[in-house]
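Peer 1: See model_32.txt below, with compact mmCIF, C-alpha atoms.
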# COMPACT_ATOMS: atom_id res chain seq x y z
CA MET S 22 32.14 28.21 -107.11
CA ASN S 23 31.02 26.28 -104.06
CA ARG S 24 28.20 23.75 -103.97
CA GLU S 25 25.85 26.09 -102.08
CA ASN S 26 25.97 28.72 -104.83
CA LYS S 27 25.30 26.02 -107.44
CA LYS S 28 22.23 24.85 -105.50
CA LYS S 29 20.90 28.43 -105.34
CA ARG S 30 21.25 28.74 -109.09
CA HIS S 31 19.50 25.39 -109.70
CA ILE S 32 15.67 25.35 -109.59
CA SER S 33 14.14 22.15 -108.26
CA LEU S 34 12.10 20.52 -111.04
CA ILE S 35 10.20 18.41 -108.50
CA LYS S 36 9.09 21.52 -106.60
CA ILE S 37 7.96 23.19 -109.83
CA LEU S 38 6.13 20.00 -110.83
CA ILE S 39 4.33 19.83 -107.47
CA LEU S 40 3.51 23.55 -107.67
CA MET S 41 2.10 23.17 -111.19
CA ILE S 42 0.04 20.15 -110.14
CA LEU S 43 -1.44 22.17 -107.27
CA ILE S 44 -2.12 25.19 -109.49
CA CYS S 45 -3.66 23.12 -112.29
CA SER S 46 -5.72 21.13 -109.77
CA GLY S 47 -7.06 24.39 -108.41
CA LEU S 48 -7.80 25.69 -111.91
CA ILE S 49 -9.51 22.41 -112.89
CA ALA S 50 -11.65 22.56 -109.74
CA LEU S 51 -12.49 26.19 -110.50
CA THR S 52 -13.32 25.31 -114.11
CA HIS S 53 -15.52 22.42 -113.01
CA PHE S 54 -17.32 24.77 -110.63
CA GLU S 55 -17.78 27.40 -113.34
CA MET S 56 -18.96 24.80 -115.87
CA ALA S 57 -21.49 23.57 -113.32
CA ARG S 58 -22.65 27.17 -112.84
CA TYR S 59 -22.81 27.53 -116.62
CA GLU S 60 -25.03 24.44 -116.89
CA ASP S 61 -27.13 25.62 -113.97
CA GLY S 62 -27.59 28.94 -115.73
CA ILE S 63 -28.71 27.22 -118.92
CA LEU S 64 -31.12 25.00 -117.00
CA ASP S 65 -32.43 27.97 -115.06
CA VAL S 66 -33.18 29.84 -118.29
CA CYS S 67 -34.95 26.76 -119.68
CA ALA S 68 -36.88 26.32 -116.42
CA THR S 69 -38.05 29.95 -116.57
CA GLN S 70 -39.29 29.44 -120.13
CA GLN S 71 -40.92 26.20 -119.02
CA ASP S 72 -42.74 28.04 -116.23
CA SER S 73 -44.18 30.39 -118.82
CA TYR S 74 -45.35 27.40 -120.86
CA VAL S 75 -47.11 25.91 -117.82
CA GLN S 76 -48.79 29.24 -117.08
CA LEU S 77 -49.94 29.38 -120.71
CA VAL S 78 -51.60 25.96 -120.40
CA ILE S 79 -53.33 26.99 -117.17
CA ASP S 80 -54.61 30.11 -118.92
CA GLN S 81 -55.98 27.92 -121.72
CA ILE S 82 -57.85 25.83 -119.15
CA TYR S 83 -59.39 28.99 -117.69
CA LEU S 84 -60.60 30.19 -121.11
CA LYS S 85 -63.62 27.92 -120.88
CA GLU S 86 -65.61 27.28 -117.74
CA ASN S 87 -67.07 24.02 -116.48
CA ARG S 88 -64.77 21.72 -118.40
CA SER S 89 -64.64 18.16 -117.17
CA ASP S 90 -61.37 16.43 -116.30
CA GLU S 91 -61.61 14.32 -119.44
CA GLU S 92 -62.21 17.37 -121.58
CA ILE S 93 -59.13 19.12 -120.15
CA ILE S 94 -57.05 16.05 -120.83
CA GLU S 95 -58.40 15.37 -124.31
CA LYS S 96 -58.53 18.89 -125.69
CA ILE S 97 -55.46 20.37 -124.01
CA LEU S 98 -52.94 17.95 -122.50
CA ASN S 99 -53.22 15.27 -125.17
CA THR S 100 -52.47 17.86 -127.81
CA MET S 101 -49.10 18.65 -126.21
CA ASP S 102 -45.99 16.98 -127.53
CA SER S 103 -44.71 14.41 -125.09
CA SER S 104 -41.99 11.83 -124.95
CA SER S 105 -39.98 9.93 -122.37
CA ASN S 106 -37.84 13.02 -121.84
CA ARG S 107 -40.53 15.71 -121.80
CA TYR S 108 -44.09 15.19 -120.62
CA TRP S 109 -47.02 16.49 -118.53
CA THR S 110 -48.61 15.24 -115.33
CA PHE S 111 -52.06 16.24 -114.13
CA SER S 112 -53.62 15.34 -110.78
CA LYS S 113 -56.58 16.27 -108.62
CA GLU S 114 -55.96 16.13 -104.92
CA GLN S 115 -54.11 12.78 -104.64
CA THR S 116 -55.46 11.18 -107.80
CA MET S 117 -53.35 10.97 -110.97
CA LEU S 118 -55.50 12.06 -113.93
CA PHE S 119 -52.86 12.23 -116.67
CA VAL S 120 -49.25 11.10 -117.12
CA LYS S 121 -47.47 11.64 -120.44
CA ASP S 122 -50.05 9.97 -122.68
CA ALA S 123 -53.07 7.66 -122.61
CA LEU S 124 -50.96 4.55 -122.11
CA GLU S 125 -49.04 5.91 -119.13
CA THR S 126 -52.22 7.42 -117.71
CA ASN S 127 -53.89 3.99 -117.61
CA ARG S 128 -50.96 2.66 -115.59
CA TYR S 129 -51.28 5.29 -112.86
CA GLN S 130 -54.98 6.20 -113.03
CA ALA S 131 -56.01 4.03 -110.12
CA LEU S 132 -53.05 5.18 -108.02
CA THR S 133 -52.39 8.21 -105.92
CA ALA S 134 -49.96 10.97 -106.84
CA ASN S 135 -47.47 9.67 -104.27
CA SER S 136 -47.39 6.38 -106.14
CA TYR S 137 -45.92 8.23 -109.12
CA TYR S 138 -43.75 10.75 -107.33
CA THR S 139 -41.75 8.14 -105.50
CA THR S 140 -38.60 10.10 -104.75
CA GLU S 141 -38.18 12.55 -101.92
CA SER S 142 -37.25 15.45 -104.20
CA SER S 143 -40.30 14.90 -106.43
CA ARG S 144 -42.71 14.60 -103.48
CA ASN S 145 -41.26 17.71 -101.86
CA PHE S 146 -41.75 19.60 -105.10
CA VAL S 147 -45.38 18.53 -105.55
CA ASP S 148 -46.19 19.24 -101.91
CA SER S 149 -44.60 22.70 -102.15
CA LEU S 150 -46.71 23.89 -105.07
CA GLU S 151 -48.63 27.07 -104.31
CA LEU S 152 -51.99 28.25 -105.55
CA ARG S 153 -51.83 30.21 -108.81
CA LYS S 154 -48.05 30.42 -108.67
CA VAL S 155 -45.84 28.55 -111.11
CA LYS S 156 -42.49 27.40 -109.72
CA HIS S 157 -39.75 25.04 -110.81
CA GLN S 158 -37.26 22.70 -109.20
CA ARG S 159 -34.74 20.04 -110.26
CA ILE S 160 -35.94 16.62 -109.14
CA ILE S 161 -34.86 13.00 -109.45
CA LEU S 162 -37.40 10.56 -110.84
CA ASP S 163 -36.79 7.03 -112.14
CA ASN S 164 -33.05 7.65 -111.67
CA LYS S 165 -33.17 10.61 -114.04
CA GLU S 166 -32.85 14.30 -113.34
CA TYR S 167 -35.74 16.50 -114.48
CA ILE S 168 -36.59 20.15 -114.46
CA ALA S 169 -40.10 20.19 -113.04
CA SER S 170 -42.31 23.25 -113.51
CA GLY S 171 -45.70 23.14 -111.85
CA ALA S 172 -48.52 24.99 -110.18
CA LEU S 173 -51.56 24.46 -107.98
CA PHE S 174 -54.76 26.00 -109.37
CA GLU S 175 -58.54 25.93 -108.71
CA TYR S 176 -61.03 25.11 -111.40
CA ALA S 177 -64.71 24.38 -110.97
CA ASP S 178 -64.26 24.38 -107.21
CA GLU S 179 -61.59 21.71 -107.44
CA GLU S 180 -57.83 21.91 -106.80
CA TYR S 181 -55.55 20.60 -109.52
CA ARG S 182 -51.82 20.16 -109.85
CA ILE S 183 -50.21 20.40 -113.25
CA CYS S 184 -46.53 19.75 -113.91
CA LEU S 185 -44.22 19.75 -116.92
CA LEU S 186 -41.14 17.54 -116.57
CA THR S 187 -38.12 17.88 -118.88
CA ASN S 188 -35.12 15.61 -118.67
CA THR S 189 -32.00 17.77 -118.12
CA THR S 190 -29.93 15.63 -120.49
CA VAL S 191 -32.20 16.73 -123.36
CA LEU S 192 -31.21 20.33 -122.70
CA LEU S 193 -27.54 19.72 -121.94
CA ASP S 194 -27.07 17.36 -124.89
CA ASN S 195 -28.41 19.89 -127.33
CA ASN S 196 -26.07 20.01 -130.30
CA LYS S 197 -25.23 23.71 -130.08
CA PHE S 198 -24.84 23.71 -126.33
CA LEU S 199 -22.87 20.46 -126.33
CA GLY S 200 -20.63 21.78 -129.12
CA SER S 201 -20.02 25.00 -127.23
CA LYS S 202 -19.31 23.05 -124.05
CA MET S 203 -16.83 20.79 -125.83
CA GLU S 204 -15.08 23.83 -127.35
CA LEU S 205 -14.76 25.38 -123.89
CA ILE S 206 -13.40 22.12 -122.46
CA ILE S 207 -10.84 21.89 -125.28
CA ILE S 208 -9.79 25.51 -124.74
CA PHE S 209 -9.45 24.94 -121.00
CA ALA S 210 -7.55 21.67 -121.55
CA VAL S 211 -5.09 23.34 -123.94
CA SER S 212 -4.70 26.35 -121.65
CA PHE S 213 -4.11 24.21 -118.57
CA SER S 214 -1.67 22.03 -120.48
CA MET S 215 0.30 25.13 -121.45
CA ILE S 216 0.15 26.43 -117.89
CA PHE S 217 1.40 23.05 -116.66
CA ILE S 218 4.01 22.35 -119.34
CA PHE S 219 5.45 25.84 -119.97
CA PRO S 220 6.94 26.49 -116.48
CA ILE S 221 8.35 22.95 -116.35
CA ALA S 222 9.89 23.33 -119.81
CA MET S 223 11.30 26.75 -118.88
CA THR S 224 12.69 25.30 -115.64
CA MET S 225 14.38 22.47 -117.55
CA ILE S 226 15.84 24.95 -120.06
CA TYR S 227 16.97 27.25 -117.25
CA ASN S 228 18.56 24.39 -115.28
CA ARG S 229 20.30 23.16 -118.42
CA SER S 230 21.62 26.67 -119.12
CA ALA S 231 22.58 27.13 -115.47
CA LYS S 232 24.42 23.80 -115.56
CA LYS S 233 26.31 24.88 -118.68
CA VAL S 234 27.19 28.19 -117.03
CA SER S 235 28.18 26.39 -113.84
CA ASP S 236 30.28 23.88 -115.77
CA ALA S 237 31.88 26.70 -117.74
CA GLU S 238 32.63 28.58 -114.52
CA THR S 239 34.03 25.41 -112.97
CA ASP S 240 36.19 24.79 -116.03
CA LEU S 241 37.26 28.44 -115.98
CA GLU S 242 38.03 28.20 -112.28
CA VAL S 243 40.09 25.04 -112.84
CA ALA S 244 41.82 26.67 -115.80
CA ASN S 245 42.56 29.79 -113.74
CA LYS S 246 43.95 27.68 -110.91
CA THR S 247 46.04 25.71 -113.39
CA ILE S 248 47.30 28.93 -114.96
CA GLU S 249 48.05 30.39 -111.53
CA SER S 250 49.84 27.21 -110.55
CA LEU S 251 51.84 27.24 -113.76
CA ASN S 252 52.64 30.92 -113.30
CA GLU S 253 53.75 30.28 -109.74
CA LYS S 254 55.81 27.33 -110.91
CA LEU S 255 57.35 29.39 -113.69
CA ILE S 256 58.09 32.23 -111.29
CA THR S 257 59.46 29.78 -108.74
CA ASP S 258 61.55 28.06 -111.35
CA GLU S 259 62.76 31.39 -112.61
CA ILE S 260 63.68 32.65 -109.15
CA TYR S 261 64.80 29.45 -107.46
CA ASP S 262 66.13 27.42 -110.37
CA ASN S 263 69.65 26.69 -109.24
CA ARG S 264 70.81 26.46 -112.84
CA LYS S 265 69.97 30.15 -113.34
CA ASN S 266 70.57 31.67 -109.90
CA LEU S 267 73.62 32.54 -107.89
CA PHE S 268 73.52 33.34 -104.18
CA ASN S 269 75.88 35.41 -102.10
CA LEU S 270 77.90 33.34 -99.70
CA SER S 271 76.45 35.29 -96.79
CA VAL S 272 73.12 33.44 -97.11
CA VAL S 273 74.56 29.91 -97.13
CA GLU S 274 73.56 29.43 -93.47
CA LYS S 275 69.86 29.66 -94.43
CA PHE S 276 70.24 26.80 -96.90
CA VAL S 277 72.30 24.78 -94.40
CA ASP S 278 69.56 25.11 -91.76
CA ALA S 279 66.85 24.18 -94.26
CA TYR S 280 68.50 21.07 -95.71
CA MET S 281 70.03 19.80 -92.48
CA ASN S 282 66.54 18.99 -91.14
CA ASN S 283 65.43 17.29 -94.36
CA PRO S 284 66.40 13.58 -94.35
CA ARG S 285 65.53 13.24 -98.03
CA ALA S 286 68.22 15.78 -98.98
CA PHE S 287 71.11 13.51 -97.97
CA PRO S 288 73.76 12.79 -99.03
CA ILE S 289 74.82 16.46 -99.34
CA SER S 290 78.17 17.40 -100.84
CA PHE S 291 80.12 20.65 -100.39
CA ILE S 292 82.55 21.56 -103.20
CA ALA S 293 84.67 24.69 -102.59
CA TYR S 294 86.77 26.60 -105.15
CA LYS S 295 88.88 29.71 -105.42
CA TYR S 296 88.60 31.07 -108.93
CA GLY S 297 91.32 33.16 -110.57
CA GLN S 298 91.73 36.89 -110.14
CA ASN S 299 91.05 37.52 -113.80
CA GLU S 300 88.05 35.13 -113.85
CA THR S 301 84.58 36.58 -113.27
CA VAL S 302 81.93 34.67 -111.35
CA ALA S 303 79.72 34.78 -114.48
CA ASN S 304 82.40 33.21 -116.61
CA PHE S 305 83.29 30.62 -114.01
CA PHE S 306 79.77 29.32 -113.42
CA GLY S 307 78.75 30.02 -117.01
CA LYS S 308 81.42 27.67 -118.37
CA ASN S 309 80.12 24.93 -116.06
CA SER S 310 76.36 25.60 -116.48
CA VAL S 311 75.83 22.36 -118.40
CA LEU S 312 77.60 20.36 -115.70
CA LEU S 313 75.65 21.81 -112.77
CA GLY S 314 71.93 21.06 -112.37
CA LYS S 315 68.91 22.01 -110.24
CA LYS S 316 70.25 20.22 -107.17
CA ASP S 317 73.51 22.16 -107.24
CA ILE S 318 73.16 25.41 -105.25
CA LYS S 319 75.82 27.95 -106.15
CA PHE S 320 77.31 30.55 -103.75
CA TYR S 321 80.12 33.06 -104.24
CA ASP S 322 82.08 35.81 -102.54
CA GLY S 323 83.29 38.41 -105.03
CA GLN S 324 85.87 39.96 -102.74
CA LEU S 325 87.57 36.69 -101.81
CA HIS S 326 86.96 35.04 -105.19
CA LEU S 327 85.41 32.08 -103.38
CA ALA S 328 82.86 29.76 -104.96
CA LEU S 329 80.87 27.07 -103.12
CA ILE S 330 78.59 24.42 -104.58
CA MET S 331 76.13 22.79 -102.16
CA SER S 332 74.94 19.69 -104.04
CA VAL S 333 71.79 18.04 -102.65
CA GLN S 334 71.31 14.26 -102.99
CA CYS S 335 74.82 14.01 -104.30
CA SER S 336 77.00 11.07 -103.28
CA GLU S 337 80.76 11.27 -102.79
CA ILE S 338 81.36 9.67 -106.18
CA ASN S 339 79.10 12.16 -107.97
CA ALA S 340 80.83 15.01 -106.18
CA GLU S 341 84.21 13.74 -107.35
CA ASN S 342 82.89 13.53 -110.89
CA ILE S 343 81.79 17.18 -110.74
CA THR S 344 85.30 18.24 -109.74
CA LYS S 345 86.83 16.28 -112.61
CA TYR S 346 84.80 18.09 -115.25
CA MET S 347 84.85 21.62 -113.85
CA VAL S 348 86.62 24.00 -116.27
CA GLY S 349 87.99 27.52 -116.03
CA ASP S 350 90.65 29.29 -113.99
CA HIS S 351 90.00 27.82 -110.54
CA LYS S 352 91.56 25.94 -107.66
CA LEU S 353 89.70 23.16 -105.84
CA LEU S 354 89.81 23.82 -102.10
CA THR S 355 87.89 20.80 -100.77
CA VAL S 356 85.19 18.20 -101.41
CA GLN S 357 83.14 17.10 -98.38
CA THR S 358 80.15 14.73 -98.46
CA ALA S 359 77.77 14.34 -95.50
CA LYS S 360 75.88 11.04 -95.73
CA ASN S 361 73.51 11.89 -92.87
CA ARG S 362 72.62 14.56 -90.37
CA ILE S 363 75.26 13.42 -87.88
CA GLU S 364 78.07 14.10 -90.37
CA PHE S 365 76.55 17.29 -91.72
CA ASN S 366 77.95 19.84 -89.24
CA LEU S 367 81.41 18.28 -89.36
CA LYS S 368 81.60 18.29 -93.18
CA TYR S 369 80.26 21.82 -93.34
CA LYS S 370 82.86 23.03 -90.79
CA LYS S 371 85.68 21.39 -92.75
CA THR S 372 84.46 23.12 -95.90
CA LEU S 373 84.47 26.53 -94.20
CA ASP S 374 87.95 25.85 -92.79
CA ALA S 375 89.20 25.06 -96.28
CA MET S 376 87.68 28.32 -97.54
CA GLY S 377 89.41 30.31 -94.77
CA ASN S 378 86.28 30.77 -92.69
CA PRO S 379 84.93 33.83 -94.53
CA ASP S 380 83.09 36.47 -92.51
CA PHE S 381 79.39 36.20 -93.39
CA ASN S 382 78.50 39.34 -91.43
CA ALA S 383 80.77 41.64 -93.43
CA LYS S 384 78.44 42.25 -96.31
CA PRO S 385 75.15 40.43 -95.71
CA ILE S 386 73.23 40.09 -98.95
CA SER S 387 70.10 37.94 -98.69
CA ARG S 388 68.60 38.66 -102.08
CA ILE S 389 69.12 36.51 -105.16
CA ILE S 390 71.81 37.79 -107.52
CA ARG S 391 72.15 36.90 -111.18
CA PRO S 392 75.59 35.57 -112.11
CA ASP S 393 76.58 38.19 -114.69
CA SER S 394 79.73 40.17 -115.16
CA ARG S 395 78.39 43.20 -113.32
CA THR S 396 78.12 41.21 -110.10
CA GLU S 397 81.84 40.95 -109.72
CA SER S 398 82.67 44.37 -111.08
CA ARG S 399 81.13 45.98 -108.00
CA TYR S 400 83.66 44.24 -105.77
CA ARG S 401 86.60 44.83 -108.07
CA ALA S 402 85.95 48.55 -108.07
CA LYS S 403 86.35 48.52 -104.27
CA GLU S 404 89.62 46.54 -104.29
Would you mind giving the structure from this file in structure tokens?
Peer 2:
Amino acid sequence: MNRENKKKRHISLIKILILMILICSGLIALTHFEMARYEDGILDVCATQQDSYVQLVIDQIYLKENRSDEEIIEKILNTMDSSSNRYWTFSKEQTMLFVKDALETNRYQALTANSYYTTESSRNFVDSLELRKVKHQRIILDNKEYIASGALFEYADEEYRICLLTNTTVLLDNNKFLGSKMELIIIFAVSFSMIFIFPIAMTMIYNRSAKKVSDAETDLEVANKTIESLNEKLITDEIYDNRKNLFNLSVVEKFVDAYMNNPRAFPISFIAYKYGQNETVANFFGKNSVLLGKKDIKFYDGQLHLALIMSVQCSEINAENITKYMVGDHKLLTVQTAKNRIEFNLKYKKTLDAMGNPDFNAKPISRIIRPDSRTESRYRAKE
């Protein structure tokens, strides 16, 4: 398998990591947006209820006519629960009449309303109040966020502004709401963690499996190549192993041409024999199979009872040794050793002369023939 196919099978962990970061970032942003909407919805519900409370107080003021400012404050506003996080303000025109309680009221009584509503959002809210219409708005006051519900109303020919301010943290930090919010955050955190981790884990598992498959395929490919190479070697050895094969003399020219141009083949020795009439080629070469090796190429002519050994990388001394140990019914015709290419043609010609210059074109046989008894019997039947 080539490298390109391996890359296609492999999934980039960095790309998956970047993709998961982008997806989770988008989901976190969406969750933050939805949680903000959730909080806004809670605050809006509380603000609507707060508006109803303000309207109820205004209705109480209208139940009795000709009340003085002090009477409204003492009998109505002072009876309301107030704290630093939830309190009432009451003003006439630009004068602050009541803030939270008696103590706070004394602090702002000599000041105008704008002296209390110091932030832009709070002033805009107070200035936007409409006659006999309760409205609410989220404002910033003393660095805290409040839900302000208020209204402008007329009483005893005077215009009053009444407001109820509730710190948003009081509503959002309510135990039930806060518990529910924390549960949602935990659920989202676990879900996003799974969304982030699961694809990365699956990618790592897939890449590990793909690597194992790829390694197995590579090993299999190497094993197959090794097996093919061994098979080819076995086939080659079987076909071209000179210890097992015997060639017809008519193909000797092909071997001569091949080895003559190979400097590493020298010295090359030619050993020619004429084996007996009652001797078969199988018996002759079979008796000497231990003596002759891979570098000894054997040729024969069944009609003329000629045998030729072309011994590659065989010195003159080694050639002489071969002739000494050859057995069987045979006659040595010649031993010629070519030390280099210059001597090759001359030594080869002398060998052919000693063999009687056999006609290679008479019966051209180029295929490999096994040296068994049937090889010679074909020629004997024609004699």
Peer 1: Ranking S:Ile206, S:Val191, S:Ile289, S:Leu327 by minimum distance to Ile168 (chain S) and counting only C-alpha atoms, which one comes first?
Peer 2: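 Of the candidates, the smallest distance to Ile168 (chain S) is held by S:Val191.
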Peer 1: List the spatial neighbours of Ile292 (chain S) as an MDAnalysis selection string - criterion: any atom at most 8 Å away, only C-alpha atoms, same-chain residues fewer than 3 positions off excluded.
Peer 2: chainID S and resid 329:332 340 344 353:357 372
Peer 1: Using all atoms listed in the file, which residue out of S:Asn263, S:Ser235, S:Thr187, S:Thr126 lies closest to Phe111 (chain S)?
Peer 2: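 Among S:Asn263, S:Ser235, S:Thr187, S:Thr126, it is S:Thr126 that comes nearest to Phe111 (chain S).
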Peer 1: For a test of reading the model, state the distance in Å between CA of Tyr280 (chain S) and CA of Val333 (chain S), rounded to one decimal.
Peer 2: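 These two atoms are separated by 8.3 Å.
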Peer 1: Would you kindly identify which residues have an atom no farther than 12 Å from (8.7, 24.1, -118.6), using all atoms listed in the file and the file's own coordinates, and write them out as a list of chain:residue names?
Peer 2: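 Taken together, the residues in range are S:Ile32, S:Ser33, S:Leu34, S:Ile35, S:Ile37, S:Leu38, S:Met41, S:Ser214, S:Met215, S:Ile216, S:Phe217, S:Ile218, S:Phe219, S:Pro220, S:Ile221, S:Ala222, S:Met223, S:Thr224, S:Met225, S:Ile226, S:Tyr227, S:Asn228, S:Arg229.
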Peer 1: Would you list the contacts of Tyr137 (chain S) as a list in words, taking every protein, DNA or RNA residue within 10 Å and counting all atoms listed in the file, but skipping same-chain residues closer than 5 positions in sequence?
Peer 2: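 Residues near the query, excluding close chain neighbours: Thr110, Met117, Val120, Arg128, Tyr129, Leu132, Ser143, Arg144, Leu162 and Asp163 of chain S.
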Peer 1: Considering only C-alpha atoms, state which residue in the set S:Ile248, S:Ala231, S:Ala303, S:Ile79 is at the smallest distance from Leu173 (chain S).
Peer 2: S:Ile79
Peer 1: Quick one: distance from CA of Gly377 (chain S) to CA of Thr301 (chain S) in Å, one decimal?
Peer 2: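 A separation of 20.1 Å between them.
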Peer 1: Hey, what's within 10 Å of Ile338 (chain S) if we count all atoms listed in the file and toss same-chain stuff fewer than 4 positions away? As a count of residues only, please?
Peer 2: 4
Peer 1: Just want the 10 Å neighbourhood of Tyr83 (chain S), counted on all atoms listed in the file, with same-chain residues fewer than 4 positions away dropped. Output as a VMD selection string.
Peer 2: chain S and resid 77 to 79 87 to 88 174 to 177
Peer 1: Smallest atom-to-atom distance to His157 (chain S): which of S:Ala169, S:Ala328, S:Ala286, S:Met101, using all atoms listed in the file?
Peer 2: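 Comparing S:Ala169, S:Ala328, S:Ala286, S:Met101 against His157 (chain S), the winner is S:Ala169.
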Peer 1: Counting only C-alpha atoms, figure out which residue out of S:Thr190, S:Gln298, S:Ser105, S:Asn266 gets nearest to Lys352 (chain S).
Peer 2: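 Nearest candidate to Lys352 (chain S) out of S:Thr190, S:Gln298, S:Ser105, S:Asn266: S:Gln298.
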Peer 1: Select, from S:Ile161, S:Cys45, S:Met203, S:Leu193, the residue with the minimum atom-to-atom distance to Asn145 (chain S), counting all atoms listed in the file.
Peer 2: S:Ile161
Peer 1: Would you mind reading off the distance between CA of Gly297 (chain S) and CA of Ala375 (chain S), one decimal, in Å?
Peer 2: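 Here the two named atoms are 16.6 Å from each other.
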Peer 1: Should you be able to, write region 227-284 of chain S of this structure into a file that contains C-alpha atoms, as a PDB file, in the first residue's frame.
Peer 2:
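Output contents, as saved in selection-v1.pdb:
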ATOM      1  CA  TYR S 227     -10.026   4.549  14.576  1.00  0.00           C
ATOM      2  CA  ASN S 228      -6.487   5.740  13.806  1.00  0.00           C
ATOM      3  CA  ARG S 229      -5.050   3.060  16.075  1.00  0.00           C
ATOM      4  CA  SER S 230      -7.159   0.400  14.338  1.00  0.00           C
ATOM      5  CA  ALA S 231      -6.297   1.829  10.924  1.00  0.00           C
ATOM      6  CA  LYS S 232      -2.608   1.751  11.852  1.00  0.00           C
ATOM      7  CA  LYS S 233      -2.906  -1.885  12.915  1.00  0.00           C
ATOM      8  CA  VAL S 234      -4.690  -2.720   9.666  1.00  0.00           C
ATOM      9  CA  SER S 235      -2.120  -0.752   7.689  1.00  0.00           C
ATOM     10  CA  ASP S 236       0.751  -2.453   9.512  1.00  0.00           C
ATOM     11  CA  ALA S 237      -0.882  -5.831   8.967  1.00  0.00           C
ATOM     12  CA  GLU S 238      -1.337  -5.064   5.271  1.00  0.00           C
ATOM     13  CA  THR S 239       2.263  -3.881   5.056  1.00  0.00           C
ATOM     14  CA  ASP S 240       3.474  -7.037   6.789  1.00  0.00           C
ATOM     15  CA  LEU S 241       1.246  -9.111   4.522  1.00  0.00           C
ATOM     16  CA  GLU S 242       2.554  -7.260   1.487  1.00  0.00           C
ATOM     17  CA  VAL S 243       6.156  -7.833   2.596  1.00  0.00           C
ATOM     18  CA  ALA S 244       5.362 -11.476   3.329  1.00  0.00           C
ATOM     19  CA  ASN S 245       3.717 -11.886  -0.083  1.00  0.00           C
ATOM     20  CA  LYS S 246       6.702 -10.295  -1.795  1.00  0.00           C
ATOM     21  CA  THR S 247       9.038 -12.534   0.190  1.00  0.00           C
ATOM     22  CA  ILE S 248       6.968 -15.586  -0.715  1.00  0.00           C
ATOM     23  CA  GLU S 249       6.883 -14.531  -4.369  1.00  0.00           C
ATOM     24  CA  SER S 250      10.614 -13.956  -4.309  1.00  0.00           C
ATOM     25  CA  LEU S 251      11.191 -17.343  -2.704  1.00  0.00           C
ATOM     26  CA  ASN S 252       8.854 -18.991  -5.195  1.00  0.00           C
ATOM     27  CA  GLU S 253      10.656 -17.314  -8.071  1.00  0.00           C
ATOM     28  CA  LYS S 254      13.978 -18.346  -6.590  1.00  0.00           C
ATOM     29  CA  LEU S 255      12.773 -21.904  -6.119  1.00  0.00           C
ATOM     30  CA  ILE S 256      11.403 -22.000  -9.658  1.00  0.00           C
ATOM     31  CA  THR S 257      14.599 -20.447 -10.984  1.00  0.00           C
ATOM     32  CA  ASP S 258      16.722 -22.853  -9.025  1.00  0.00           C
ATOM     33  CA  GLU S 259      14.587 -25.719 -10.197  1.00  0.00           C
ATOM     34  CA  ILE S 260      14.759 -24.686 -13.839  1.00  0.00           C
ATOM     35  CA  TYR S 261      18.243 -23.212 -14.043  1.00  0.00           C
ATOM     36  CA  ASP S 262      20.097 -25.164 -11.375  1.00  0.00           C
ATOM     37  CA  ASN S 263      22.958 -26.616 -13.359  1.00  0.00           C
ATOM     38  CA  ARG S 264      23.172 -29.559 -10.980  1.00  0.00           C
ATOM     39  CA  LYS S 265      19.690 -30.676 -12.056  1.00  0.00           C
ATOM     40  CA  ASN S 266      19.462 -29.532 -15.674  1.00  0.00           C
ATOM     41  CA  LEU S 267      20.941 -30.722 -18.918  1.00  0.00           C
ATOM     42  CA  PHE S 268      20.920 -28.657 -22.104  1.00  0.00           C
ATOM     43  CA  ASN S 269      21.058 -29.770 -25.704  1.00  0.00           C
ATOM     44  CA  LEU S 270      24.318 -28.902 -27.372  1.00  0.00           C
ATOM     45  CA  SER S 271      22.453 -26.835 -29.941  1.00  0.00           C
ATOM     46  CA  VAL S 272      21.878 -24.040 -27.388  1.00  0.00           C
ATOM     47  CA  VAL S 273      25.502 -23.725 -26.255  1.00  0.00           C
ATOM     48  CA  GLU S 274      25.950 -20.587 -28.396  1.00  0.00           C
ATOM     49  CA  LYS S 275      23.413 -18.712 -26.222  1.00  0.00           C
ATOM     50  CA  PHE S 276      25.443 -19.433 -23.094  1.00  0.00           C
ATOM     51  CA  VAL S 277      28.692 -18.543 -24.877  1.00  0.00           C
ATOM     52  CA  ASP S 278      27.292 -15.144 -25.908  1.00  0.00           C
ATOM     53  CA  ALA S 279      25.977 -14.467 -22.409  1.00  0.00           C
ATOM     54  CA  TYR S 280      29.133 -15.334 -20.472  1.00  0.00           C
ATOM     55  CA  MET S 281      31.621 -13.921 -22.957  1.00  0.00           C
ATOM     56  CA  ASN S 282      30.444 -10.381 -22.120  1.00  0.00           C
ATOM     57  CA  ASN S 283      30.539 -10.964 -18.367  1.00  0.00           C
ATOM     58  CA  PRO S 284      34.035 -10.239 -16.964  1.00  0.00           C
TER      59      PRO S 284
END
